[in-house]
file start14.txt (compact mmCIF, C-alpha atoms)
# COMPACT_ATOMS: atom_id res chain seq x y z
CA MET A 1 22.22 -27.58 25.96
CA ILE A 2 20.29 -30.79 25.37
CA MET A 3 21.29 -32.18 22.00
CA LYS A 4 19.78 -35.18 20.26
CA LYS A 5 21.71 -38.41 20.61
CA VAL A 6 22.80 -39.96 17.35
CA ASN A 7 22.38 -43.59 16.40
CA CYS A 8 25.27 -46.00 16.76
CA ILE A 9 27.57 -45.76 13.73
CA ALA A 10 29.91 -48.47 12.54
CA ILE A 11 33.28 -47.09 11.55
CA GLY A 12 33.94 -49.62 8.78
CA ALA A 13 33.02 -48.43 5.27
CA MET A 14 32.25 -45.05 6.87
CA ALA A 15 31.65 -42.90 3.82
CA ALA A 16 29.35 -45.41 2.18
CA PHE A 17 27.34 -45.85 5.39
CA LEU A 18 27.01 -42.18 6.15
CA PHE A 19 25.86 -41.14 2.71
CA PRO A 20 23.71 -43.91 1.23
CA VAL A 21 21.25 -43.44 -1.54
CA LEU A 22 17.61 -43.97 -0.68
CA ALA A 23 16.05 -46.44 -3.11
CA HIS A 24 12.80 -47.32 -1.39
CA ALA A 25 10.35 -45.37 -3.51
CA ASN A 26 9.55 -47.89 -6.17
CA GLY A 27 11.30 -51.13 -5.13
CA THR A 28 13.34 -51.28 -8.34
CA GLY A 29 16.68 -50.33 -6.82
CA LYS A 30 16.64 -47.11 -8.82
CA VAL A 31 18.46 -44.26 -7.07
CA VAL A 32 15.82 -41.89 -5.69
CA ASP A 33 17.72 -39.70 -3.26
CA GLU A 34 21.09 -39.21 -1.62
CA ILE A 35 22.02 -38.01 1.85
CA ILE A 36 24.44 -35.09 1.57
CA ALA A 37 24.64 -34.11 5.25
CA ARG A 38 23.85 -35.48 8.71
CA VAL A 39 23.00 -33.02 11.47
CA ASN A 40 22.69 -34.98 14.73
CA ASN A 41 19.83 -37.41 13.99
CA ASP A 42 18.49 -35.41 11.04
CA ILE A 43 19.53 -35.71 7.42
CA ILE A 44 19.64 -33.32 4.48
CA THR A 45 19.07 -35.02 1.16
CA LEU A 46 19.90 -34.11 -2.39
CA SER A 47 16.20 -33.46 -3.06
CA ASP A 48 16.11 -31.04 -0.09
CA TYR A 49 19.05 -29.22 -1.61
CA GLN A 50 17.48 -29.15 -5.07
CA LYS A 51 14.17 -27.81 -3.70
CA ALA A 52 16.03 -25.03 -1.92
CA GLU A 53 17.95 -24.30 -5.11
CA ALA A 54 14.70 -24.07 -7.09
CA GLN A 55 13.29 -21.70 -4.49
CA LEU A 56 16.40 -19.53 -4.86
CA ARG A 57 15.67 -19.19 -8.56
CA GLN A 58 12.00 -18.40 -7.95
CA GLU A 59 12.91 -15.71 -5.42
CA ALA A 60 15.50 -14.26 -7.79
CA LYS A 61 12.87 -13.96 -10.53
CA GLN A 62 10.45 -12.27 -8.13
CA ASP A 63 13.07 -9.85 -6.85
CA CYS A 64 14.38 -9.04 -10.31
CA GLN A 65 11.34 -9.13 -12.58
CA GLY A 66 12.21 -8.58 -16.22
CA CYS A 67 15.91 -9.22 -15.66
CA ALA A 68 17.97 -11.11 -18.22
CA ASP A 69 18.71 -14.79 -17.61
CA GLU A 70 22.37 -13.92 -16.99
CA LYS A 71 21.39 -11.67 -14.08
CA ILE A 72 19.04 -14.28 -12.61
CA ASN A 73 21.73 -16.96 -12.92
CA ALA A 74 24.25 -14.71 -11.17
CA MET A 75 21.83 -14.13 -8.29
CA VAL A 76 21.22 -17.87 -7.96
CA ASP A 77 24.96 -18.61 -8.05
CA GLU A 78 25.53 -16.10 -5.26
CA GLY A 79 22.74 -17.60 -3.13
CA ARG A 80 23.98 -21.14 -3.79
CA LYS A 81 27.23 -20.38 -1.94
CA ASN A 82 25.38 -20.47 1.40
CA LEU A 83 22.63 -22.90 0.42
CA LEU A 84 23.82 -25.86 2.47
CA ARG A 85 24.69 -23.55 5.36
CA ASP A 86 21.11 -22.27 5.42
CA LEU A 87 19.65 -25.79 5.34
CA ILE A 88 21.88 -26.81 8.24
CA ASP A 89 20.92 -23.62 10.12
CA GLN A 90 17.26 -24.52 9.73
CA SER A 91 17.82 -28.09 10.91
CA LEU A 92 19.76 -26.96 13.98
CA LEU A 93 17.12 -24.39 14.96
CA VAL A 94 14.24 -26.84 14.56
CA GLN A 95 16.12 -29.41 16.65
CA ARG A 96 16.82 -26.76 19.28
CA ALA A 97 13.12 -25.87 19.37
CA LYS A 98 12.31 -29.51 20.12
CA ASP A 99 14.94 -29.57 22.86
CA MET A 100 13.27 -26.49 24.36
CA SER A 101 9.80 -28.11 24.07
CA ILE A 102 8.54 -25.25 21.94
CA SER A 103 5.14 -25.83 20.30
CA VAL A 104 3.75 -23.70 17.47
CA ASP A 105 0.73 -25.82 16.50
CA THR A 106 -1.71 -23.05 17.51
CA ASP A 107 0.41 -20.45 15.71
CA VAL A 108 0.31 -22.51 12.51
CA ILE A 109 -3.49 -22.62 12.60
CA LYS A 110 -3.68 -18.87 13.20
CA ARG A 111 -1.19 -18.15 10.40
CA LEU A 112 -3.08 -20.35 7.95
CA ASP A 113 -6.36 -18.66 8.84
CA MET A 114 -4.79 -15.24 8.40
CA ILE A 115 -3.56 -16.23 4.93
CA ARG A 116 -7.04 -17.57 4.15
CA GLN A 117 -8.64 -14.27 5.16
CA GLN A 118 -6.07 -12.17 3.30
CA ASN A 119 -6.85 -14.10 0.14
CA GLN A 120 -10.60 -13.88 0.83
CA LEU A 121 -11.05 -17.64 0.73
CA PRO A 122 -14.19 -19.08 2.33
CA SER A 123 -12.61 -22.08 4.10
CA MET A 124 -9.39 -23.89 4.93
CA GLU A 125 -10.25 -26.45 2.26
CA ALA A 126 -10.30 -23.64 -0.28
CA LEU A 127 -6.85 -22.53 0.90
CA GLN A 128 -5.57 -26.10 0.55
CA LYS A 129 -6.86 -26.25 -3.04
CA ALA A 130 -5.24 -22.89 -3.79
CA VAL A 131 -1.89 -24.11 -2.44
CA GLU A 132 -2.07 -27.39 -4.34
CA SER A 133 -3.07 -25.57 -7.55
CA GLN A 134 0.40 -23.99 -7.45
CA GLY A 135 2.05 -27.41 -7.46
CA LEU A 136 2.74 -27.47 -3.72
CA SER A 137 1.99 -30.29 -1.31
CA TRP A 138 -0.40 -29.15 1.43
CA GLU A 139 1.49 -31.17 4.06
CA ASP A 140 4.84 -29.77 2.90
CA TYR A 141 3.36 -26.26 2.98
CA LYS A 142 2.22 -26.69 6.58
CA ASP A 143 5.50 -28.35 7.62
CA GLN A 144 7.52 -25.49 6.12
CA MET A 145 5.36 -22.98 7.97
CA LYS A 146 5.72 -24.91 11.23
CA ASN A 147 9.50 -25.16 10.89
CA SER A 148 9.76 -21.47 10.07
CA LEU A 149 7.76 -20.56 13.17
CA LEU A 150 9.88 -22.89 15.32
CA GLN A 151 13.03 -21.21 14.07
CA GLN A 152 11.60 -17.76 14.81
CA LYS A 153 10.68 -18.80 18.36
CA VAL A 154 14.20 -20.07 19.06
CA ILE A 155 15.77 -16.87 17.73
CA GLN A 156 13.34 -14.74 19.76
CA GLN A 157 14.10 -16.62 22.97
CA GLU A 158 17.78 -17.43 22.58
CA VAL A 159 19.21 -14.53 20.55
CA GLY A 160 16.68 -11.68 20.63
CA PRO A 161 16.94 -10.82 24.35
CA ASP A 162 20.62 -9.94 23.90
CA ILE A 163 19.83 -7.31 21.25
CA LYS A 164 19.51 -3.92 22.95
CA ILE A 165 18.37 -0.79 21.10
CA GLY A 166 18.66 2.58 22.82
CA GLN A 167 16.54 5.66 22.14
CA ASP A 168 19.72 7.49 21.10
CA GLU A 169 20.25 4.89 18.35
CA VAL A 170 16.70 5.39 17.10
CA LYS A 171 17.15 9.18 16.99
CA LYS A 172 20.51 8.87 15.19
CA TYR A 173 19.00 6.52 12.61
CA TYR A 174 15.99 8.79 12.07
CA ASP A 175 18.17 11.87 11.55
CA ALA A 176 20.41 10.02 9.08
CA HIS A 177 17.55 8.57 6.99
CA GLN A 178 14.92 11.31 6.94
CA SER A 179 14.43 11.05 3.20
CA GLU A 180 13.12 7.51 3.75
CA PHE A 181 10.42 8.84 6.05
CA VAL A 182 8.86 11.27 3.58
CA LYS A 183 5.67 9.36 2.81
CA PRO A 184 2.19 9.82 1.37
CA GLU A 185 -0.94 10.14 3.51
CA GLU A 186 -1.58 6.99 5.56
CA VAL A 187 -4.01 5.62 8.12
CA ASP A 188 -3.26 3.11 10.87
CA LEU A 189 -6.28 0.85 11.36
CA SER A 190 -7.64 -1.68 13.83
CA THR A 191 -10.70 -3.87 13.46
CA ILE A 192 -13.24 -5.83 15.48
CA PHE A 193 -14.34 -8.72 13.28
CA PHE A 194 -17.46 -10.87 13.65
CA SER A 195 -17.72 -14.07 11.64
CA THR A 196 -21.05 -14.94 10.02
CA GLU A 197 -19.65 -17.89 8.07
CA ASN A 198 -22.09 -20.83 7.98
CA LYS A 199 -24.58 -18.96 10.17
CA THR A 200 -28.34 -19.04 9.69
CA PRO A 201 -30.11 -15.75 8.88
CA GLN A 202 -31.34 -15.59 12.47
CA GLU A 203 -27.84 -16.15 13.85
CA ALA A 204 -26.37 -13.56 11.47
CA ASP A 205 -28.99 -11.04 12.60
CA ALA A 206 -28.06 -11.68 16.24
CA ILE A 207 -24.37 -11.15 15.43
CA LYS A 208 -25.19 -7.84 13.73
CA LYS A 209 -27.10 -6.66 16.82
CA LYS A 210 -24.13 -7.62 18.98
CA ALA A 211 -21.81 -5.60 16.72
CA GLU A 212 -24.15 -2.60 16.83
CA ALA A 213 -24.15 -2.76 20.63
CA ILE A 214 -20.35 -2.57 20.60
CA VAL A 215 -20.52 0.50 18.34
CA GLN A 216 -22.65 2.18 21.02
CA ARG A 217 -20.09 1.26 23.69
CA LEU A 218 -17.37 2.85 21.55
CA LYS A 219 -19.41 6.02 21.19
CA ALA A 220 -19.76 6.04 24.98
CA GLY A 221 -15.97 6.16 25.26
CA GLU A 222 -14.86 2.56 25.85
CA ASP A 223 -11.39 1.57 24.64
CA PHE A 224 -11.38 0.04 21.16
CA GLY A 225 -8.35 -2.19 21.79
CA LYS A 226 -9.83 -3.75 24.92
CA LEU A 227 -13.15 -4.40 23.17
CA ALA A 228 -11.27 -5.96 20.24
CA GLN A 229 -9.36 -8.27 22.56
CA ARG A 230 -12.62 -9.36 24.16
CA PHE A 231 -15.01 -9.61 21.22
CA SER A 232 -13.12 -9.74 17.92
CA GLU A 233 -12.93 -13.07 16.10
CA GLY A 234 -10.17 -11.83 13.83
CA THR A 235 -6.58 -13.12 13.87
CA THR A 236 -5.28 -9.86 15.40
CA ALA A 237 -7.66 -9.82 18.38
CA ASN A 238 -4.82 -10.35 20.88
CA GLU A 239 -3.11 -7.24 19.49
CA GLY A 240 -6.20 -5.12 20.07
CA GLY A 241 -7.36 -5.64 16.49
CA GLU A 242 -4.35 -3.88 14.91
CA VAL A 243 -4.23 -4.59 11.17
CA GLY A 244 -1.59 -2.14 9.93
CA VAL A 245 -0.86 1.11 8.11
CA PHE A 246 -2.42 1.74 4.69
CA LYS A 247 -1.76 4.16 1.85
CA ARG A 248 -4.39 5.22 -0.64
CA GLY A 249 -4.95 2.47 -3.17
CA MET A 250 -4.34 -0.35 -0.70
CA LEU A 251 -7.96 -0.62 0.49
CA SER A 252 -11.21 -1.20 -1.32
CA PRO A 253 -12.58 2.10 -2.72
CA ASP A 254 -15.54 2.29 -0.33
CA ILE A 255 -13.41 1.56 2.76
CA GLU A 256 -10.68 3.96 1.59
CA LYS A 257 -13.13 6.81 1.08
CA LEU A 258 -14.56 6.23 4.54
CA VAL A 259 -11.41 5.87 6.68
CA PHE A 260 -9.34 8.58 4.97
CA ALA A 261 -12.09 11.04 5.87
CA MET A 262 -11.82 10.07 9.56
CA LYS A 263 -9.63 11.49 12.32
CA LYS A 264 -7.43 9.75 14.86
CA GLY A 265 -9.63 7.95 17.37
CA ASP A 266 -12.71 7.68 15.13
CA SER A 267 -14.55 4.37 14.64
CA THR A 268 -16.96 3.30 11.92
CA ASP A 269 -20.42 1.84 12.22
CA VAL A 270 -20.85 -1.87 11.47
CA LEU A 271 -19.50 -2.64 7.99
CA PRO A 272 -19.69 -5.73 5.75
CA ALA A 273 -16.54 -7.86 5.52
CA PRO A 274 -15.65 -11.14 3.77
CA ASN A 275 -17.51 -13.85 5.71
CA GLY A 276 -18.62 -11.45 8.37
CA LEU A 277 -18.97 -7.94 9.76
CA GLN A 278 -16.42 -5.49 11.08
CA ILE A 279 -15.93 -2.22 12.91
CA LEU A 280 -12.88 -0.20 11.85
CA HIS A 281 -10.96 2.22 14.06
CA VAL A 282 -8.42 4.88 13.03
CA ASN A 283 -5.47 4.66 15.43
CA GLU A 284 -3.52 7.35 13.58
CA HIS A 285 -4.07 9.49 10.51
CA PHE A 286 -0.74 10.65 9.09
CA GLU A 287 -0.55 13.55 6.67
CA ALA A 288 1.73 13.39 3.64
CA GLY A 289 5.35 14.56 4.11
CA LEU A 290 8.10 13.85 6.63
CA GLN A 291 6.63 11.52 9.21
CA PRO A 292 7.32 12.09 12.91
CA MET A 293 9.88 9.83 14.58
CA SER A 294 7.20 8.49 16.91
CA LYS A 295 5.36 7.04 13.92
CA GLU A 296 8.48 5.47 12.40
CA GLU A 297 10.02 4.24 15.65
CA ASN A 298 8.89 0.62 15.24
CA GLU A 299 10.21 0.50 11.68
CA ILE A 300 13.51 2.05 12.76
CA GLU A 301 13.89 -0.42 15.63
CA ASN A 302 13.16 -3.29 13.23
CA ASP A 303 15.89 -2.05 10.85
CA ILE A 304 18.43 -1.68 13.66
CA TYR A 305 17.39 -5.06 15.05
CA SER A 306 17.92 -6.69 11.64
CA GLN A 307 21.41 -5.22 11.44
CA LYS A 308 22.32 -6.49 14.91
CA ILE A 309 20.62 -9.87 14.80
CA GLN A 310 22.57 -11.24 11.82
CA PRO A 311 26.03 -11.38 13.46
CA ALA A 312 24.43 -12.49 16.74
CA MET A 313 22.64 -15.33 14.94
CA ARG A 314 25.82 -16.47 13.21
CA LYS A 315 27.60 -16.58 16.55
CA TYR A 316 24.73 -18.58 18.04
CA LEU A 317 24.53 -20.98 15.09
CA THR A 318 28.30 -21.49 15.16
CA GLN A 319 27.97 -22.57 18.80
CA LEU A 320 25.12 -24.94 17.89
CA ARG A 321 27.42 -26.51 15.31
CA LYS A 322 30.17 -26.96 17.90
CA ASP A 323 27.69 -28.69 20.20
CA SER A 324 26.39 -30.96 17.42
CA TYR A 325 27.51 -34.01 15.47
CA MET A 326 27.71 -33.17 11.78
CA VAL A 327 29.07 -34.80 8.65
CA ILE A 328 29.08 -33.19 5.21
CA ASN A 329 29.35 -35.25 2.03
CA SER A 330 32.33 -34.67 -0.22
CA GLY A 331 31.61 -31.99 -2.81
CA TYR A 332 29.35 -29.89 -0.56
CA VAL A 333 30.41 -26.97 1.60
CA ASP A 334 28.94 -25.65 4.85
CA THR A 335 30.11 -22.03 4.90
CA GLY A 336 28.90 -21.72 8.48
CA SER A 337 31.09 -24.58 9.67
CA ALA A 338 32.50 -24.40 13.19
CA GLY A 339 35.38 -26.69 12.28
CA GLU A 340 35.91 -30.37 11.61
CA ASN A 341 33.20 -32.76 10.47
CA THR A 342 32.81 -35.49 13.06
CA VAL A 343 30.70 -38.50 13.92
CA ILE A 344 30.27 -40.46 17.12
CA GLN A 345 32.24 -43.67 17.48
CA GLU A 346 30.32 -46.17 19.62
CA VAL A 347 30.26 -49.86 20.33
CA PRO A 348 26.94 -51.72 20.06
CA TYR A 349 24.44 -50.67 22.68
CA GLY A 350 23.89 -53.13 25.53
CA THR A 351 27.46 -54.42 25.94
CA GLU A 352 29.45 -53.64 29.08
CA ALA A 353 31.94 -51.72 27.00
CA GLY A 354 29.09 -49.77 25.44
CA LYS A 355 27.73 -48.85 28.84
CA ASN A 356 31.07 -47.63 30.14
CA LYS A 357 32.68 -46.22 27.03
CA LYS A 358 32.47 -42.43 26.61
CA LYS A 359 31.37 -41.06 23.27
CA LYS A 360 34.33 -39.85 21.24
CA LYS A 361 34.37 -37.64 18.18
CA THR A 362 36.31 -39.23 15.34
CA PRO A 363 37.29 -37.40 12.14
CA VAL A 364 35.92 -39.08 9.03
CA PRO A 365 38.49 -39.67 6.29
CA GLY A 366 37.41 -38.51 2.88
CA ILE A 367 34.61 -36.29 4.13
CA ASP A 368 35.47 -32.72 3.22
CA ASP A 369 34.01 -29.71 5.06
CA GLN A 370 35.70 -26.70 3.58
CA GLY A 371 33.92 -24.16 5.77
CA ASP A 372 36.29 -21.53 7.11
CA GLY A 373 34.39 -20.96 10.36
CA ASN A 374 33.46 -17.43 9.42
CA PRO A 375 29.82 -16.42 9.93
call {"tool": "encode", "arguments": {"input": "start14.txt", "output": "structure tokens"}}
result
Amino acid sequence: MIMKKVNCIAIGAMAAFLFPVLAHANGTGKVVDEIIARVNNDIITLSDYQKAEAQLRQEAKQDCQGCADEKINAMVDEGRKNLLRDLIDQSLLVQRAKDMSISVDTDVIKRLDMIRQQNQLPSMEALQKAVESQGLSWEDYKDQMKNSLLQQKVIQQEVGPDIKIGQDEVKKYYDAHQSEFVKPEEVDLSTIFFSTENKTPQEADAIKKKAEAIVQRLKAGEDFGKLAQRFSEGTTANEGGEVGVFKRGMLSPDIEKLVFAMKKGDSTDVLPAPNGLQILHVNEHFEAGLQPMSKEENEIENDIYSQKIQPAMRKYLTQLRKDSYMVINSGYVDTGSAGENTVIQEVPYGTEAGKNKKKKKTPVPGIDDQGDGNP
């Protein structure tokens, strides 16, 4: 594993050097931030910790709407136990993504555009304004999305391939949870989307004629998914235009009335859409009641995967910790700790001793990592 090299660290006055306060914001010497952990070359600051803590509270309020303050506080206290662990996990995974030369720049753009479309916003500038209106920094919003995607890619490539799910497991899960698969009527839809944003009337008319020509090709028996991959300008084009499964009440009334009257394999004519035109296709039309296992197989596999991936991830992250150089400030606990907190002891770069001396891990007195090594 290629890990980031850390900077040279002087051993004298170790605790003070490792955990300085950052006082560069206003030039007054006023304490602005404090480093509470070093993870290889990255740092986790007190403000990082406080932001994560505030997010815990926001999530608790969303998950437990109408709950008393005591309940919310208890949920936050429970989440706080692993707060530093989670921040270190994220740092390690993002660093590993860089070591693996993973890039998600294109994925970030696609994800932002998907969010824009879902919120029916006319442009990326409008999405930026919407994000900032909620008190969020646009750059922070994009960075958080990028880091999240990097972490997902690492997990998919490094942990996911070891998770095996057999058909017998799927059947056993389905039989044991049948009450969960009694559902209302649903339709599974795909779309071919054509953008008319910022087009002249003549250009929009040409796009409509192109869409109508594709409708004729569908009526002649061509495969919807292949046509979507080739012609759709929507964010799900690579997936054959798949947009998901919908219950009644989840779609606009005119679209709902139309697609719930259609059968599996039917496609619509050209329909208006936000900033464009679309053709909808019914992949499946499920009647109300106990759904067949074939319909729920993806959901079942996702549930089984989630159960298996957690211990596998903790094992993987514990190994990343063992291969890393980490120091935790006194008073903070990494519950995912792989053992001792260490730093690298080095002599100044460029000396003969520095060229020949091997890096050595040295315990740091006074720096307390109380993690028990358990995932």
call {"tool": "closest_residue", "arguments": {"input": "start14.txt", "among": "A:Tyr49, A:Tyr174, A:Tyr316, A:Phe246", "to": "Leu87 (chain A)", "atoms": "all atoms listed in the file"}}
result
A:Tyr49
call {"tool": "closest_residue", "arguments": {"input": "start14.txt", "among": "A:Val282, A:Leu83, A:Leu227, A:Met124", "to": "Leu46 (chain A)", "atoms": "all atoms listed in the file"}}
result
A:Leu83
call {"tool": "closest_residue", "arguments": {"input": "start14.txt", "among": "A:Ala213, A:Leu149, A:Ala60, A:Leu218", "to": "Arg111 (chain A)", "atoms": "all atoms listed in the file"}}
result
A:Leu149
call {"tool": "closest_residue", "arguments": {"input": "start14.txt", "among": "A:Ile300, A:Met100, A:Met114, A:Ala211", "to": "Asp269 (chain A)", "atoms": "only C-alpha atoms"}}
result
A:Ala211
call {"tool": "closest_residue", "arguments": {"input": "start14.txt", "among": "A:Leu189, A:Ile328, A:Leu320, A:Ile165", "to": "Ile279 (chain A)", "atoms": "all atoms listed in the file"}}
result
A:Leu189
call {"tool": "residues_near_point", "arguments": {"input": "start14.txt", "point": "(-13.6, 4.1, 13.9)", "cutoff": "7 Å", "atoms": "all atoms listed in the file", "output": "list in words"}}
result
Gly265, Asp266, Ser267, Thr268, Ile279, Leu280, His281 and Val282 of chain A
call {"tool": "write_last_selection", "arguments": {"input": "start14.txt", "atoms": "C-alpha atoms", "output": "PDB file, in the frame of the given file"}}
result
ATOM      1  CA  GLY A 265      -9.630   7.950  17.370  1.00  0.00           C
ATOM      2  CA  ASP A 266     -12.710   7.680  15.130  1.00  0.00           C
ATOM      3  CA  SER A 267     -14.550   4.370  14.640  1.00  0.00           C
ATOM      4  CA  THR A 268     -16.960   3.300  11.920  1.00  0.00           C
ATOM      5  CA  ILE A 279     -15.930  -2.220  12.910  1.00  0.00           C
ATOM      6  CA  LEU A 280     -12.880  -0.200  11.850  1.00  0.00           C
ATOM      7  CA  HIS A 281     -10.960   2.220  14.060  1.00  0.00           C
ATOM      8  CA  VAL A 282      -8.420   4.880  13.030  1.00  0.00           C
TER       9      VAL A 282
END
call {"tool": "residues_around", "arguments": {"input": "start14.txt", "residues": "Asp303 (chain A)", "least_positions_apart": "3", "cutoff": "12 Å", "atoms": "all atoms listed in the file", "output": "list in words"}}
result
Ile165, Glu169, Val170, Tyr173, Tyr174, His177, Glu296, Glu297, Asn298, Glu299, Ile300, Ser306, Gln307, Lys308, Ile309 and Gln310 of chain A
call {"tool": "axis_aligned_box", "arguments": {"input": "start14.txt", "around": "region 67-79 of chain A", "padding_each_side": "6 Å", "output": "lines of an AutoDock Vina configuration file"}}
result
center_x = 20.7
center_y = -13.9
center_z = -10.7
size_x = 21.6
size_y = 21.4
size_z = 27.1
